[in-house]
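Below: run_25.cif (mmCIF, C-alpha atoms)
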```
data_data
#
loop_
_atom_site.label_atom_id
_atom_site.label_comp_id
_atom_site.auth_asym_id
_atom_site.auth_seq_id
_atom_site.Cartn_x
_atom_site.Cartn_y
_atom_site.Cartn_z
CA MET A 1251 2.46 160.03 137.92
CA ALA A 1252 4.18 158.12 135.13
CA VAL A 1253 7.63 159.32 134.17
CA GLU A 1254 10.56 158.08 132.10
CA VAL A 1255 13.84 157.48 133.89
CA ARG A 1256 17.05 157.52 131.82
CA ILE A 1257 19.70 155.17 133.20
CA PRO A 1258 23.45 155.68 132.65
CA THR A 1259 25.63 152.88 131.22
CA ILE A 1260 27.17 151.97 134.57
CA LEU A 1261 23.75 151.32 136.19
CA ARG A 1262 22.21 149.36 133.32
CA THR A 1263 23.22 146.12 135.03
CA TYR A 1264 20.22 146.86 137.30
CA THR A 1265 17.79 147.39 134.42
CA GLY A 1266 18.69 144.43 132.21
CA GLY A 1267 20.61 146.74 129.88
CA GLU A 1268 17.68 149.15 129.36
CA LYS A 1269 18.65 152.79 128.74
CA ALA A 1270 15.28 154.05 130.00
CA VAL A 1271 12.70 152.53 132.34
CA PRO A 1272 9.22 153.67 133.43
CA GLY A 1273 8.89 155.32 136.83
CA GLU A 1274 5.99 156.20 139.15
CA GLY A 1275 5.63 158.76 141.91
CA ALA A 1276 4.72 162.31 142.86
CA THR A 1277 8.25 163.21 143.98
CA LEU A 1278 11.74 162.15 142.97
CA SER A 1279 12.00 160.26 146.24
CA GLU A 1280 8.89 158.21 145.38
CA VAL A 1281 10.18 157.59 141.85
CA ILE A 1282 13.42 156.19 143.27
CA ASP A 1283 11.52 153.96 145.74
CA HIS A 1284 9.42 152.68 142.86
CA LEU A 1285 12.58 152.03 140.81
CA GLU A 1286 14.01 150.05 143.70
CA ASN A 1287 10.95 147.73 143.67
CA ASN A 1288 11.57 146.84 140.03
CA HIS A 1289 15.36 147.04 140.06
CA PRO A 1290 16.66 146.07 143.51
CA GLY A 1291 19.99 147.65 144.42
CA LEU A 1292 19.55 150.75 142.30
CA LYS A 1293 18.46 152.99 145.18
CA GLU A 1294 21.67 152.39 147.09
CA ARG A 1295 23.66 153.61 144.08
CA LEU A 1296 21.74 156.90 144.08
CA ILE A 1297 21.13 157.63 147.75
CA ASP A 1298 23.37 157.60 150.80
CA GLU A 1299 22.18 158.45 154.32
CA GLY A 1300 18.86 159.76 153.05
CA ASP A 1301 20.25 162.14 150.46
CA LEU A 1302 21.40 162.01 146.86
CA ARG A 1303 25.00 160.90 146.55
CA ARG A 1304 27.41 163.76 146.04
CA PHE A 1305 28.67 162.42 142.70
CA VAL A 1306 25.35 161.40 141.18
CA ASN A 1307 23.49 164.04 139.20
CA VAL A 1308 19.72 163.77 138.74
CA TYR A 1309 17.74 166.04 136.44
CA VAL A 1310 13.98 166.44 136.13
CA ASN A 1311 13.14 167.95 132.75
CA ASP A 1312 16.76 169.08 132.33
CA GLU A 1313 16.90 170.85 135.74
CA ASP A 1314 19.50 169.62 138.21
CA VAL A 1315 17.36 168.63 141.23
CA ARG A 1316 19.91 170.14 143.60
CA PHE A 1317 18.38 173.46 142.60
CA THR A 1318 14.73 172.34 142.67
CA GLY A 1319 14.30 170.65 146.05
CA GLY A 1320 16.45 167.53 145.82
CA LEU A 1321 14.63 164.28 146.56
CA GLY A 1322 11.48 166.31 147.31
CA THR A 1323 11.35 167.67 143.74
CA SER A 1324 7.84 167.06 142.44
CA VAL A 1325 7.27 165.23 139.19
CA LYS A 1326 4.24 165.04 136.98
CA ASP A 1327 2.94 162.81 134.23
CA GLY A 1328 5.25 162.71 131.23
CA ASP A 1329 8.28 164.18 133.01
CA GLN A 1330 11.71 162.86 132.21
CA VAL A 1331 14.18 161.99 134.94
CA VAL A 1332 17.83 161.67 133.89
CA VAL A 1333 20.49 160.06 136.09
CA LEU A 1334 24.13 160.86 135.24
CA PRO A 1335 27.16 160.08 137.35
CA ALA A 1336 29.44 163.08 137.79
CA VAL A 1337 32.56 163.11 135.66
CA ALA A 1338 35.03 164.09 138.33
CA GLY A 1339 38.31 163.22 139.99
CA GLY A 1340 41.71 164.75 140.50
CA GLN A 1341 44.90 164.28 142.37
CA ALA A 1342 43.45 165.13 145.81
CA GLU A 1343 40.68 163.69 147.90
CA PRO A 1344 37.38 165.53 147.41
CA ALA A 1345 35.54 167.06 150.34
CA GLY A 1346 32.36 165.10 149.69
CA ARG A 1347 31.64 161.42 150.07
CA ILE A 1348 32.05 159.16 147.08
CA MET B 1071 26.29 144.59 123.90
CA LEU B 1072 29.75 143.19 123.24
CA SER B 1073 32.53 144.88 125.10
CA THR B 1074 35.13 146.63 122.99
CA LEU B 1075 37.87 146.43 125.57
CA ALA B 1076 41.29 146.77 124.01
CA ASP B 1077 44.71 147.03 125.56
CA VAL B 1078 45.64 150.01 123.47
CA LEU B 1079 44.27 153.50 123.00
CA LYS B 1080 44.49 154.47 119.35
CA ILE B 1081 44.22 158.24 119.01
CA ASP B 1082 44.98 160.62 116.17
CA ARG B 1083 47.80 163.15 116.46
CA GLU B 1084 45.52 166.18 116.27
CA THR B 1085 43.34 165.06 119.21
CA TYR B 1086 46.41 164.00 121.20
CA ASP B 1087 47.94 167.45 120.71
CA ALA B 1088 44.65 169.18 121.55
CA ILE B 1089 44.40 167.38 124.91
CA ILE B 1090 47.98 168.37 125.79
CA ALA B 1091 47.38 171.98 124.70
CA HIS B 1092 44.26 172.15 126.90
CA ALA B 1093 46.17 170.76 129.89
CA LYS B 1094 48.99 173.29 129.42
CA ARG B 1095 46.57 176.18 128.97
CA ASP B 1096 44.65 175.44 132.19
CA HIS B 1097 47.72 174.70 134.31
CA PRO B 1098 47.95 175.09 137.36
CA ASP B 1099 44.27 174.07 137.46
CA GLU B 1100 43.30 170.63 136.27
CA ALA B 1101 41.88 170.47 132.73
CA CYS B 1102 39.22 167.94 131.72
CA GLY B 1103 37.14 166.80 128.79
CA VAL B 1104 36.10 163.88 126.63
CA VAL B 1105 36.67 162.57 123.15
CA ALA B 1106 33.40 161.16 121.89
CA GLY B 1107 33.06 158.48 119.25
CA PRO B 1108 30.40 156.22 117.73
CA GLU B 1109 28.94 153.78 120.33
CA GLY B 1110 30.88 150.54 120.40
CA SER B 1111 33.48 151.75 117.86
CA ASP B 1112 36.31 152.48 120.33
CA ARG B 1113 37.28 155.36 118.00
CA PRO B 1114 37.89 158.72 119.73
CA GLU B 1115 36.76 161.19 117.06
CA ARG B 1116 35.13 164.32 118.48
CA PHE B 1117 37.25 166.37 120.91
CA VAL B 1118 35.12 168.10 123.55
CA PRO B 1119 37.08 170.17 126.08
CA MET B 1120 35.01 170.84 129.21
CA VAL B 1121 35.16 173.56 131.85
CA ASN B 1122 36.48 172.38 135.20
CA ALA B 1123 33.65 173.62 137.42
CA ALA B 1124 35.88 173.09 140.46
CA SER B 1125 38.59 175.47 139.03
CA SER B 1126 41.07 173.65 141.19
CA PRO B 1127 44.69 172.44 140.99
CA THR B 1128 43.70 169.22 142.77
CA PHE B 1129 40.17 168.39 141.61
CA TYR B 1130 38.03 168.46 138.50
CA GLU B 1131 34.32 168.09 137.89
CA PHE B 1132 32.24 168.77 134.79
CA ASP B 1133 29.60 171.42 135.42
CA SER B 1134 26.31 169.56 135.93
CA THR B 1135 24.39 171.52 133.28
CA GLU B 1136 27.19 171.12 130.74
CA LEU B 1137 27.37 167.42 131.62
CA LEU B 1138 23.70 166.94 130.75
CA LYS B 1139 24.14 168.85 127.47
CA LEU B 1140 27.16 166.75 126.57
CA TYR B 1141 25.36 163.45 127.19
CA ARG B 1142 22.23 164.59 125.33
CA HIS B 1143 24.36 165.61 122.38
CA MET B 1144 26.18 162.27 122.41
CA ASP B 1145 22.86 160.39 122.71
CA ASP B 1146 21.47 162.25 119.70
CA ARG B 1147 24.53 161.27 117.66
CA GLU B 1148 24.68 157.69 119.04
CA GLU B 1149 28.06 158.44 120.56
CA GLU B 1150 29.71 157.57 123.85
CA PRO B 1151 32.70 159.00 125.70
CA VAL B 1152 35.54 156.91 124.23
CA VAL B 1153 38.14 158.96 126.12
CA VAL B 1154 37.68 160.81 129.41
CA TYR B 1155 40.75 162.93 130.07
CA HIS B 1156 42.06 165.17 132.81
CA SER B 1157 45.37 166.57 133.97
CA HIS B 1158 47.35 166.30 137.16
CA THR B 1159 49.35 169.45 137.68
CA ALA B 1160 51.69 168.46 140.53
CA THR B 1161 51.71 164.66 140.48
CA GLU B 1162 52.32 161.88 137.98
CA ALA B 1163 49.86 160.89 135.26
CA TYR B 1164 48.47 157.99 137.25
CA PRO B 1165 44.90 157.68 138.58
CA SER B 1166 44.54 158.83 142.19
CA ARG B 1167 42.20 157.13 144.65
CA THR B 1168 39.69 159.83 143.84
CA ASP B 1169 40.01 159.09 140.13
CA THR B 1170 39.43 155.37 140.55
CA GLY B 1171 36.59 155.88 143.04
CA LEU B 1172 34.76 158.23 140.70
CA ALA B 1173 35.41 156.49 137.36
CA MET B 1174 31.90 155.67 136.15
CA GLU B 1175 32.40 154.96 132.45
CA PRO B 1176 33.33 151.29 132.10
CA ASN B 1177 33.80 151.60 128.31
CA ALA B 1178 36.06 154.66 128.42
CA HIS B 1179 39.80 155.04 128.16
CA TYR B 1180 40.81 157.28 131.05
CA VAL B 1181 43.63 159.54 129.86
CA LEU B 1182 45.85 161.29 132.39
CA VAL B 1183 48.22 164.07 131.43
CA SER B 1184 50.74 165.50 133.86
CA THR B 1185 51.85 169.09 133.46
CA ARG B 1186 54.07 169.06 136.55
CA GLU B 1187 57.32 169.31 134.54
CA HIS B 1188 56.69 172.29 132.29
CA GLY B 1189 53.40 173.86 133.40
CA ASN B 1190 52.12 176.30 130.77
CA SER B 1191 55.37 176.15 128.81
CA ASP B 1192 56.40 174.04 125.86
CA GLY B 1193 58.03 170.73 126.60
CA PRO B 1194 57.07 167.10 126.82
CA VAL B 1195 54.27 165.92 129.10
CA GLU B 1196 53.36 162.51 130.45
CA PHE B 1197 50.34 161.20 128.50
CA ARG B 1198 49.07 157.84 129.76
CA SER B 1199 45.88 155.85 129.37
CA TYR B 1200 44.02 153.43 131.64
CA ARG B 1201 40.95 151.28 131.95
CA ILE B 1202 39.26 151.79 135.30
CA ILE B 1203 36.59 149.21 136.07
CA ASP B 1204 35.13 148.68 139.55
CA GLY B 1205 38.13 150.51 140.98
CA ASP B 1206 40.67 148.31 139.17
CA VAL B 1207 43.24 150.25 137.14
CA THR B 1208 44.89 148.73 134.07
CA GLU B 1209 47.36 150.82 132.11
CA GLU B 1210 47.33 150.42 128.35
CA GLU B 1211 49.50 151.46 125.45
CA VAL B 1212 48.89 154.76 123.67
CA ASP B 1213 49.21 154.56 119.90
CA VAL B 1214 49.29 158.03 118.34
CA VAL B 1215 48.25 157.74 114.74
CA ASP B 1216 49.26 160.26 112.10
CA PRO B 1217 46.53 161.26 109.65
CA HIS B 1218 48.05 159.49 106.61
CA GLU B 1219 48.41 156.24 108.59
CA GLN B 1220 44.80 156.46 109.63
CA LEU B 1221 43.66 156.78 106.03
CA ARG B 1222 45.67 153.71 105.08
CA SER B 1223 44.25 151.64 107.93
CA GLN B 1224 40.72 152.42 106.76
CA ASP B 1225 41.31 150.95 103.29
#
```

structure tokens encoding of this file:
Amino acid sequence: MAVEVRIPTILRTYTGGEKAVPGEGATLSEVIDHLENNHPGLKERLIDEGDLRRFVNVYVNDEDVRFTGGLGTSVKDGDQVVVLPAVAGGQAEPAGRI
Amino acid sequence: MLSTLADVLKIDRETYDAIIAHAKRDHPDEACGVVAGPEGSDRPERFVPMVNAASSPTFYEFDSTELLKLYRHMDDREEEPVVVYHSHTATEAYPSRTDTGLAMEPNAHYVLVSTREHGNSDGPVEFRSYRIIDGDVTEEEVDVVDPHEQLRSQD
């Protein structure tokens, strides 16, 4: 399955400055593994201990994957995957991992 | 792309006042939002207050659906977040460890407003601006520009 993956500014150092790169896979997890082959280091910025990082949002066709099966979310030809870091902070420590 | 790093945040009076008004309104919860501007321009032009999905006095986070909408809208208009602002409601207007750890917009001015002195009431607030890159915090000057000055500087 060929998809388009939109990359946020902060991670474009991994994609040679590209805003969007092609992806392959039947699930989000496979798409991320495929991304890692072409852009080493990217996976670690998205995944920690086998799950999506708490402050990284990933959307498949505008749906936050946290509500559609997380890394197991299936993707099909022509889908668009968007990666956006959370805009978050505050005076106290958050409960989740950064 | 060339970096547009500057050691001063230039912001118009109306936007400056709008950020403070938002912070006062949402006190004791933290308020948050962005000021978008043309990519690479370093000009904060479009004030976009956001809902704090955490509704918390110690934490803020943009709602994930609203976040996607915001970025799509900015993409369509070839904008970027020139300012990312939020308030601290019990501590000074200085980035916390959480703020620096989660700052993911290397081109943005991170504005912190503290409402600890006057809360929802009138009165001065701390309004400070920072660059946060790879966890390093650099404070910068804030230059509040009145509308007539801005017109002159565009001549």

Check: So what does the PyMOL selection byres ((chain A) within 12 of (chain B)) actually pick up in this one, as an NGL selection string?
Finding: :A and (1256-1263 or 1266-1269 or 1295 or 1303-1317 or 1331-1348)

Next item on the list: Given the file shown, determine the residues that the PyMOL selection byres ((chain B and resi 1151) around 7) selects; report them as a ChimeraX atom specification.
Entry: /B:1104-1107,1149-1150,1152-1154,1178

Next item on the list: Would you kindly return, as a list in words, each protein, DNA or RNA residue with an atom no farther than 10 Å from any atom of Ile1282 in chain A, considering all atoms listed in the file and excluding same-chain residues fewer than 4 positions away?
Entry: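 Near neighbours after the sequence-gap exclusion: Val1255, Gly1273, Glu1274, Gly1275, Thr1277, Leu1278, Glu1286, Asn1287, His1289, Leu1292, Lys1293, Glu1294, Leu1296, Ile1297 and Leu1321 of chain A.
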
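Counting from CA of Val1215 in chain B, the distance to CA of Lys1080 in chain B is 6.8 Å.
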
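For the pair CA of Arg1201 in chain B and CA of Asp1077 in chain B, the separation is 8.5 Å.
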
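Minimum atom-to-atom distances from A:Asn1288, A:Pro1272, A:Tyr1264, A:Val1281 to Gly1322 in chain A were compared using all atoms listed in the file, and the lowest value belongs to A:Val1281.
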